[in-house]
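Visitor: Please see the structure below; I have some questions.
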Number of protein chains: 6
Amino acid sequence: MNSINNIIDLALMEDIGPGDITTDNLVEPDQCGTGIIIAKEPLVLAGLETARQTFLKIDPALIFITDYQDGDLIETGDVVLKIKGSLSALLKAERTALNFLQRLSGIATMVRSYLKELGDSQVRLTDTRKTTPGLRVLEKYAVRVGGGHNHRHGLYDGVLIKDNHIAVSKGIVNAVTQIRKKISHLIKIEVEVTDMEEVMQALEAGVDVIMLDNMDLEMIIKAVKIINHKAMVEVSGGITRANLNKLSKTGVDIISMGALTHSARSVDLSMRITLD
Amino acid sequence: MNSINNIIDLALMEDIGPGDITTDNLVEPDQCGTGIIIAKEPLVLAGLETARQTFLKIDPALIFITDYQDGDLIETGDVVLKIKGSLSALLKAERTALNFLQRLSGIATMVRSYLKELGDSQVRLTDTRKTTPGLRVLEKYAVRVGGGHNHRHGLYDGVLIKDNHIAVSKGIVNAVTQIRKKISHLIKIEVEVTDMEEVMQALEAGVDVIMLDNMDLEMIIKAVKIINHKAMVEVSGGITRANLNKLSKTGVDIISMGALTHSARSVDLSMRITLD
Amino acid sequence: MNSINNIIDLALMEDIGPGDITTDNLVEPDQCGTGIIIAKEPLVLAGLETARQTFLKIDPALIFITDYQDGDLIETGDVVLKIKGSLSALLKAERTALNFLQRLSGIATMVRSYLKELGDSQVRLTDTRKTTPGLRVLEKYAVRVGGGHNHRHGLYDGVLIKDNHIAVSKGIVNAVTQIRKKISHLIKIEVEVTDMEEVMQALEAGVDVIMLDNMDLEMIIKAVKIINHKAMVEVSGGITRANLNKLSKTGVDIISMGALTHSARSVDLSMRITLD
Amino acid sequence: MNSINNIIDLALMEDIGPGDITTDNLVEPDQCGTGIIIAKEPLVLAGLETARQTFLKIDPALIFITDYQDGDLIETGDVVLKIKGSLSALLKAERTALNFLQRLSGIATMVRSYLKELGDSQVRLTDTRKTTPGLRVLEKYAVRVGGGHNHRHGLYDGVLIKDNHIAVSKGIVNAVTQIRKKISHLIKIEVEVTDMEEVMQALEAGVDVIMLDNMDLEMIIKAVKIINHKAMVEVSGGITRANLNKLSKTGVDIISMGALTHSARSVDLSMRITLD
Amino acid sequence: MNSINNIIDLALMEDIGPGDITTDNLVEPDQCGTGIIIAKEPLVLAGLETARQTFLKIDPALIFITDYQDGDLIETGDVVLKIKGSLSALLKAERTALNFLQRLSGIATMVRSYLKELGDSQVRLTDTRKTTPGLRVLEKYAVRVGGGHNHRHGLYDGVLIKDNHIAVSKGIVNAVTQIRKKISHLIKIEVEVTDMEEVMQALEAGVDVIMLDNMDLEMIIKAVKIINHKAMVEVSGGITRANLNKLSKTGVDIISMGALTHSARSVDLSMRITLD
Amino acid sequence: MNSINNIIDLALMEDIGPGDITTDNLVEPDQCGTGIIIAKEPLVLAGLETARQTFLKIDPALIFITDYQDGDLIETGDVVLKIKGSLSALLKAERTALNFLQRLSGIATMVRSYLKELGDSQVRLTDTRKTTPGLRVLEKYAVRVGGGHNHRHGLYDGVLIKDNHIAVSKGIVNAVTQIRKKISHLIKIEVEVTDMEEVMQALEAGVDVIMLDNMDLEMIIKAVKIINHKAMVEVSGGITRANLNKLSKTGVDIISMGALTHSARSVDLSMRITLD
């Protein structure tokens with residue numbers, strides 16, 4: 001809610017600053033027009049509401065018309081959104097609104113595309129905390145729009161015990177025992193493991209989720225067998241589109257990929273304006 | 001300056017929120033360690049200072065050691081930065097600091113790589129306003145680190161007259177005449193043109209820069225000849241790594257690419273921590 | 001982290017505003033002194049760091065001396081904290097720092113006292129979201145300091161399905177099935193139930209935690225038997241110090257009380273100042 | 001005005017954070033309902049407007065219906081406020097709005113109740129600066145709603161000379177003389193005294209108000225006689241409901257109690273929702 | 001856009017703080033009236049929209065009626081603006097709105113008056129960066145309203161090379177060569193010079209604008225002749241109303257004066273209120 | 001405290017924005033120098049600390065040397081402040097720091113000069129609420145530095161009953177009676193009157209201060225005689241340097257002038273930099 005408000009403010013401020021010196025000097029305040037946002041390539045739409053909020057910050061009187069909603073598959077040439085009203089407002093908000101829409105749709109499109117590699121599998125494809133600074137809430141939303149799932153939002157809504165936590169706690173069992181006594185009863189515990197020895201310890205500790213970190217296919221299959229549904233299994237590290245399909249058949253429950261948010265490219269959308 | 005401060009705050013807040021429930025419950029406040037940030041692939045480094053500021057927000061007593069500076073070419077395995085101090089602080093700032101460093105270095109690396117296509121040419125490769133919302137200042141900095149140039153920062157530090165401005169002003173000459181009377185004497189005027197007719201008008205109007213929008217190679221060469229150094233020439237639209245080299249030989253002064261900022265992937269950097 | 005920073009800023013601003021007209025007009029800037037914060041009643045200390053941060057906002061050069069830490073039992077007359085430095089800074093920060101310390105210690109003291117009613121029981125005493133606006137993170141911290149546990153921090157780090165959610169979802173089983181598919185794998189699901197029929201549905205849905213809302217002792221015992229460790233059991237509503245002990249013997253896992261944060265009274269602490 | 005805006009924002013942010021994961025995943029955006037806020041005990045209502053603003057932050061289209069206004073005496077079972085509109089918005093704002101309403105009404109209720117101890121006396125019952133950090137303006141408003149008066153709002157709108165100010169100024173007369181020359185002509189001067197010697201000095205200095213700090217009944221009566229209407233008289237320190245009545249008959253003008261704001265318990269209000 | 005929003009918030013907060021204790025205690029919320037803002041002296045109007053935004057922050061339901069717009073010449077006694085609605089809102093916003101309007105109109109009036117000294121000359125009269133902290137955007141707007149031009153808005157939208165820059169760069173030619181390679185192609189380069197030697201170097205460097213700093217009339221005329229339209233010429237320093245006319249005949253292109261913003265006096269406007 | 005912090009941030013942001021493109025491209029980060037701020041005319045110094053804070057925001061390592069403090073009379077050519085450290089920081093903060101220093105010293109200088117007109121009179125010369133938006137606290141501070149006094153800071157720390165308040169309250173006596181019951185006991189009541197009839201009513205109401213609004217000398221003298229020390233007397237409206245002396249001999253206690261803050265011109269200070 002509010003953090004989205006903040007990032008839209010920041011984005012408009014950095015683009016407009018003390019004023020749009022081209023538009024302010026050429027366009028009369030009462031000149032109206034229609035902005036037409038068009039897809040220049042096939043994409044999964046995400047960020048319509050953020051784009052709308054961006055335009056509304058410049059002029060609350062703008063009117064929006066669309067046949068689509070987030071999650072819809074858009075074809076090249078489709079009109080994603082029409083905005084009617086002050087030409088000056090359209091020109092000032094255009095770039096910022098498109099920057100949001102292109103990035104969020106880019107993520108949703110990538111996620112949707114990667115999900116095809118998983119076929120009918122029940123495996124979850126999740127994001128990570130490797131998001132663009134300031135855009136966490138929006139990018140995680142775009143992952144869901146694309147059909148993916150969210151891993152924890154931040155350090156506050158899930159326990160993930162990593163090697164350094166284990167080291168200072170003298171072992172996985174100690175760490176899990178200690179933290180279980182303290183955290184909210186609504187939070188699960190996940191432990192990152194790198195070998196079978198640690199898998200065994202995690203099982204002994206009774207963790208909810210075991211993350212197999214950077215294991216090869218063979219090790220993953222072995223670990224899944226050992227874990228045998230006594231905990232959920234997540235794989236992470238070294239995951240690419242190329243090995244998604246194979247990973248989905250190993251019996252793991254969750255595949256997490258930083259690339260979904262940190263390396264999605266923006267999709268191509270542009271805005272054409274017609275004058276009234 | 002201050003806007004960078006804001007985005008670092010936003011980024012830490014969205015990651016840490018009400019607290020790091022894993023670290024706060026497992027790591028003693030007096031436990032110290034060393035974080036070692038290592039390159040997992042070759043890259044052009046950008047964002048060291050932003051990463052440093054991110055760590056300092058969590059603990060101003062952290063100490064930083066590095067042999068590198070922004071712009072340096074880093075090889076796989078190189079230690080980019082060591083941070084010594086509170087283990088808890090290292091764990092809390094790690095992801096956010098890396099998110100900045102990976103994204104900014106990703107941009108610098110892409111720019112450096114694209115510049116090779118230009119060979120010895122004097123052509124400038126510039127960014128656009130297609131940056132990630134909230135990261136404009138940082139991403140434009142990364143473009144410079146990579147060896148590229150910045151186009152205008154926002155709507156306030158350069159005039160760019162586009163089709164809609166031309167339409168409401170009844171032609172390029174009118175638009176340019178009108179705006180020249182009003183803007184600061186330190187700002188130049190650029191006009192976006194799509195055909196030779198408009199090129200001629202732009203020349204007649206005496207603009208400083210002519211942007212050839214989405215023209216093919218042949219048209220570009222023709223336009224450059226017509227313009228004949230009476231204005232700077234920028235090409236924009238439809239530019240990819242594949243046609244950069246050819247474009248650089250057309251005689252244009254500036255090639256601008258949105259992809260430099262909106263579609264760079266993050267480079268791979270990770271932090272290993274050793275306990276004291 | 002940062003939200004605590006904000007609330008300290010707000011609190012100092014509302015107290016000092018455009019200036020401390022008494023101190024600014026009577027105390028020379030170079031006059032120094034020592035502030036001595038003394039307990040006027042027995043209490044469990046909470047908020048030392050917040051008080052310290054409050055003083056530091058006014059003068060980063062102040063020096064702090066204490067023999068205690070949060071969670072310590074303090075007796076009447078004990079010196080909780082000494083602050084040495086600018087007299088003017090001591091006078092300006094005094095009230096705000098004490099307001100934090102008195103409220104947070106008030107909560108910790110109440111929690112510690114209520115825990116005695118639970119005897120050796122393994123039952124958790126948790127807070128709720130009924131906290132003072134703006135102080136959520138600090139008040140939940142004070143609950144932990146007192147020996148209590150936190151329920152979810154907000155609407156984002158735990159699922160709690162209530163009657164209206166059940167109504168719009170056409171029943172508990174539907175609601176749980178639907179939400180399980182969507183939420184992060186690190187979040188557990190709790191359902192609020194009011195009768196045995198709903199207890200049975202919650203068990204069928206396989207929820208992680210069942211909240212027995214406003215049930216009497218007899219019903220609670222019956223529900224615990226039915227649930228039989230297939231889910232954690234929380235009781236909520238109508239809980240007072242008087243019935244805590246009885247509730248702790250019903251076999252429930254968690255007792256949650258809004259009063260821990262919304263009705264704790266501030267404990268009595270005062271600051272005496274000596275001039276250098 | 002604005003600071004209230006800030007604290008509502010802070011309160012909603014800390015409750016909702018990145019999203020209400022229960023409601024967002026179960027409630028359709030177009031589902032409507034009616035929230036009905038009901039008193040679970042007799043109370044003096046305070047905070048209606050703050051609650052309304054809280055709901056409006058989540059959805060400006062919500063509609064409010066009430067028969068009451070702040071200051072009204074509400075009986076158990078009375079419907080304090082109905083809110084009609086988006087079910088999702090009702091569920092998200094509910095807890096934060098109630099937290100404000102319960103706390104502010106709690107203060108107003110306590111004040112109203114304490115005022116009964118004063119009977120027909122013209123004595124003012126005032127608050128202090130011992131308010132909850134961030135809620136000063138709202139809590140002082142609740143005191144007025146309950147029928148009490150406000151002491152100074154902060155360090156900026158009243159002079160209160162305490163022992164340390166006296167010490168550094170070499171006596172009450174010096175302190176008062178010095179400060180009178182400097183402060184605005186619209187601000188009165190109050191001095192805190194602890195014995196008759198100081199009462200005499202305060203009178204000599206011609207202060208506007210004398211605060212008798214922690215004096216017993218006998219001393220207070222003696223001081224009132226000595227002061228003899230040459231200054232207003234305030235008593236402070238060690239005041240409880242039990243001695244209010246006796247104090248009100250001593251001839252003092254003002255009784256100030258920190259407990260009005262720092263130790264009021266929240267009153268019980270709950271919101272029931274019906275679906276449309 | 002947003003920074004104006006911020007300064008209005010700041011201004012209202014510093015005036016109203018915790019409340020308007022006169023109006024809140026005397027005026028009923030449903031009392032309405034009409035505020036009539038009248039010019040007490042001839043002036044050039046500037047800041048209508050800022051005044052309007054200020055009133056709207058207090059009450060979005062206020063209605064505005066005016067026959068004028070910014071830039072209009074207003075005579076003594078003219079009604080500049082009528083505001084209808086809540087009396088309480090009128091009284092609370094009055095002073096802040098007038099403070100903006102009086103200052104901005106003061107600047108516009110001074111600029112318009114100074115422009116008369118320039119007669120039919122094509123010389124530009126520009127402001128500088130010597131603006132009131134926090135009001136840069138508004139004051140530069142008022143300069144334009146008065147008929148003046150803006151110099152660069154800040155350090156980011158124009159290059160101005162001064163003596164220290166020259167010193168560290170080993171001369172004007174080096175400095176210009178170095179910076180031209182780095183800055184955006186839409187930004188011009190200005191150099192501040194103090195003697196003919198530096199004028200020659202600036203010409204050699206091919207700068208866009210040469211600022212003659214604190215030169216006397218004779219030197220200015222000589223410099224203009226030497227520069228001979230190979231660069232624009234700005235004069236700065238020591239400029240007063242008295243020498244404006246003479247300077248305008250020297251052939252310079254731009255005269256910049258800090259006094260336009262740092263030493264304009266507020267014009268006299270007052271608000272009379274009639275009750276409904 | 002904090003609001004000063006905010007206005008410094010705003011001022012630096014509006015000047016530096018995304019970067020100082022001249023300095024960032026020409027000055028090496030390790031280049032040091034000394035900034036020497038010199039008075040170009042006689043002045044009363046005010047704002048040293050604000051200037052210092054402004055520099056420190058850019059670089060906390062800068063070192064300050066001065067022989068003066070606020071309130072000192074400075075002669076032409078005096079070195080007001082030396083700042084040693086990073087040349088880049090000096091260049092970036094220079095303009096903003098000077099803008100504060102020049103404006104605040106301008107006010108202090110004007111006040112000091114006007115006070116001379118009052119001779120040995122005990123009359124107070126006070127400011128009003130006609131301050132520059134955002135600079136209230138600083139400008140009122142500068143008035144005190146110059147030897148003047150502050151009127152109320154805002155609408156919250158003094159009651160000033162004006163014509164509209166009187167009209168809605170059915171007369172001065174009613175208004176005063178009503179408000180006295182409600183306001184804090186540390187706040188005085190002032191009433192604005194325009195004729196002798198109202199003076200009599202104000203006396204009857206027992207107000208603390210009577211403001212004679214826009215009365216001529218004769219009427220003022222008559223009013224002072226009638227009031228006869230039963231209330232303090234303030235004159236306001238139509239006050240200029242020319243009539244200050246005469247007004248000071250009428251027996252009034254307070255003369256308030258908006259011009260002190262709204263029409264002071266900035267004094268001339270400049271910064272010279274030497275390179276290390």
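Ligands are numbered from 1 in the order shown, residues from 1 within each chain, and chains are lettered A, B, ... in the order they appear in the structure tokens.
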Quick one: pick out all alpha helix (DSSP H) residues within region 53-124 of chain A from a backbone DSSP run and write them as a PyMOL selection string.
Guide: chain A and resi 53-58+87-115
Visitor: Can you write out the residues you just picked, keeping C-alpha atoms, as a short mmCIF file (atom, residue, chain, number, x, y, z; two decimals), in the first residue's frame?
Guide:
```
data_model
loop_
_atom_site.label_atom_id
_atom_site.label_comp_id
_atom_site.auth_asym_id
_atom_site.auth_seq_id
_atom_site.Cartn_x
_atom_site.Cartn_y
_atom_site.Cartn_z
CA GLN A 53 -1.81 5.32 -9.90
CA THR A 54 1.19 6.94 -11.59
CA PHE A 55 -1.00 8.84 -14.04
CA LEU A 56 -3.43 9.82 -11.27
CA LYS A 57 -0.61 11.40 -9.24
CA ILE A 58 -0.14 13.90 -12.06
CA LEU A 87 -2.33 16.20 -22.73
CA SER A 88 0.21 17.76 -20.43
CA ALA A 89 -0.48 15.14 -17.75
CA LEU A 90 -0.24 12.32 -20.28
CA LEU A 91 3.16 13.52 -21.47
CA LYS A 92 4.52 13.97 -17.95
CA ALA A 93 3.44 10.61 -16.57
CA GLU A 94 4.02 8.55 -19.71
CA ARG A 95 7.61 7.44 -19.19
CA THR A 96 7.27 6.64 -15.49
CA ALA A 97 4.05 4.70 -15.96
CA LEU A 98 5.56 2.74 -18.84
CA ASN A 99 8.72 2.03 -16.85
CA PHE A 100 6.60 0.33 -14.19
CA LEU A 101 4.40 -1.49 -16.68
CA GLN A 102 7.28 -2.73 -18.84
CA ARG A 103 9.29 -4.02 -15.91
CA LEU A 104 6.41 -5.73 -14.10
CA SER A 105 5.02 -7.24 -17.29
CA GLY A 106 8.55 -8.35 -18.13
CA ILE A 107 8.71 -10.35 -14.92
CA ALA A 108 5.24 -11.84 -15.33
CA THR A 109 6.05 -12.80 -18.89
CA MET A 110 9.29 -14.50 -17.92
CA VAL A 111 7.62 -16.40 -15.08
CA ARG A 112 4.76 -17.58 -17.31
CA SER A 113 7.25 -18.73 -19.88
CA TYR A 114 9.41 -20.61 -17.35
CA LEU A 115 6.36 -22.31 -15.89
#
```
Visitor: Which residues of chain D have any atom within 6 Å of an atom in chain F when counting only C-alpha atoms, and what is the closest pair of atoms for each, with the distance in Å to one decimal? Order the rows by chain and rising number and write it as a Markdown table.
Guide:
```
| residue | atom | partner | partner_atom | distance |
| --- | --- | --- | --- | --- |
| D:Asn150 | CA | F:Ser184 | CA | 5.5 |
| D:His151 | CA | F:Ser184 | CA | 5.4 |
| D:Asp157 | CA | F:Asp157 | CA | 4.9 |
| D:Gly158 | CA | F:Leu186 | CA | 5.4 |
| D:Ser184 | CA | F:His151 | CA | 5.4 |
| D:Leu186 | CA | F:Lys188 | CA | 4.7 |
| D:Ile187 | CA | F:Ile187 | CA | 5.1 |
| D:Lys188 | CA | F:Leu186 | CA | 4.7 |
```
Visitor: Skip Lys82 (chain C) itself and residues of its chain fewer than 5 positions away, then list as a ChimeraX atom specification all residues within 8 Å of it, counting only C-alpha atoms.
Guide: /C:34-37,64-66
Visitor: Determine, counting only C-alpha atoms, which protein, DNA and RNA residues have an atom within 10 Å of an atom of Val207 (chain E); residues of the same chain fewer than 2 positions away are not included. Present the result as a list in words.
Guide: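 Within the cut-off, the hits are Ile172, Val173, Val176, Thr177, Arg180, Lys188, Ile189, Glu190, Val191, Gln201, Ala202, Leu203, Glu204, Ala205, Val209, Ile210, Lys230, Ala231 and Met232 of chain E.
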Visitor: Tell me which of D:Ile161, D:Ala11, D:Gly19, D:Leu125 sits closest to Arg241 (chain D), counting only C-alpha atoms.
Guide: D:Leu125
Visitor: Quick one: pull the distance between CA of Met257 (chain E) and CA of Asn243 (chain E), Å, one decimal.
Guide: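 Going from CA of Met257 (chain E) over to CA of Asn243 (chain E) covers 11.7 Å.
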